[in-house]
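Heads up: the structure comes next, in structure tokens.
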Amino acid sequence: VIHELCHVAMNVYYGGTVPDKLLLWPLGGVPNVEIFNNDSGKIAAVAIAGPLSHIPQALFWVLMVVLTSIATDLHLLGHLGVVLCEDAFRLQVHLLIFNLLPVFPLDGSLLLFASSKYFCKCERKTALLTIAIIGAMGTSIMFLV
């Protein structure tokens with residue numbers, strides 16, 4: 001939810017409205033935010049805000065690992081606390097990387113679209129370039145598996 005709220009906050013920062021609903025589903029959430037069609041920089045900023053929210057969350061879990069390790073050394077807490085905090089840290093790092101994959105509906109697809117739009121300046125070329133890059137990545141992943 002923090003990830004999605006960061007998208008909303010960046011959207012509001014650029015003059016968008018606060019959405020009336022937030023759809024949560026198995027791969028995450030989808031805030032009903034405006035897409036700034038003519039400004040690829042705003043599209044990229046709104047898209048990257050969510051994945052970047054995982055950095056302070058990961059740092060929080062690093063702090064918790066340190067604190068739980070100290071508590072474990074003082075016999076105030078069992079080793080399970082350290083393991084859970086380490087796993088929470090890994091989860092945040094994996095979510096950051098996963099959300100940057102250029103696959104719709106992940107944030108990486110919007111970043112790819114925004115960068116294509118910035119460099120191409122033409123909607124048709126942007127769409128074709130985005131499809132070509134995603135197709136090439138999908139094909140290469142298929143051969144790796």
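If you're wondering about the labels, chains in the structure tokens are A, B, ... by order shown, residues count from 1 in each chain, ligands from 1 in order shown.
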
>> as a PyMOL selection string, please: every residue in chain A that DSSP puts in strand (DSSP E or B).
In response: chain A and resi 22-25+28-31

What are the nearest atom pairs, with distances in Å to one decimal, for all residues of range 22-122 of chain A that come at most 9 Å from range 133-137 of chain A, using only C-alpha atoms, set out by chain and rising residue number as a tab-separated table?
```
residue	atom	partner	partner_atom	distance
A:Pro102	CA	A:Ile134	CA	6.7
A:Val103	CA	A:Ile134	CA	7.0
A:Ser109	CA	A:Ile134	CA	8.5
A:Leu112	CA	A:Ile133	CA	8.7
```

> If we count only C-alpha atoms, what is near Gly108 in chain A at a cut-off of 9 Å, once residues fewer than 5 positions away on the same chain are taken out, given as a list in words?
Replying inline: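 The filter keeps Ala47, Ile48, Phe98, Asn99, Leu100, Leu101, Pro102, Val103 and Phe113 of chain A.
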
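Counting only C-alpha atoms and comparing A:Leu59, A:Val83, A:Leu91, A:Leu110, the residue that lies closest to Val46 in chain A is A:Leu110.
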
> If you count only C-alpha atoms, which residues fall within 8 Å of Val62 in chain A, apart from same-chain ones fewer than 6 positions away, as an MDAnalysis selection string?
Replying inline: chainID A and resid 85:86 89

> When DSSP works through the backbone of this structure, what residues of chain A end up as alpha helix (DSSP H), shown as a PyMOL selection string?
Replying inline: chain A and resi 2-13+40-52+54-73+79-99+107-120+123-144

>> With distances taken over only C-alpha atoms, which residue among A:Ala114, A:Leu96, A:Leu106, A:Leu84 lies nearest Ile55 in chain A?
In response: A:Leu96

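Distance annotation: of A:Ala127, A:Val18, A:Met10, A:Val82, the residue with the minimal separation from Met64 in chain A is A:Val82; atom set is only C-alpha atoms.
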
> Nearest to Ser53 in chain A among A:Phe119, A:Pro105, A:Ile131, A:Val1, with distances taken over only C-alpha atoms: which residue is it?
Replying inline: A:Val1

> So which one's closest to Ile2 in chain A, A:Gln92, A:Gly81, A:Ala45, A:Thr68? Using only C-alpha atoms, please.
Replying inline: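 Among A:Gln92, A:Gly81, A:Ala45, A:Thr68, it is A:Gln92 that comes nearest to Ile2 in chain A.
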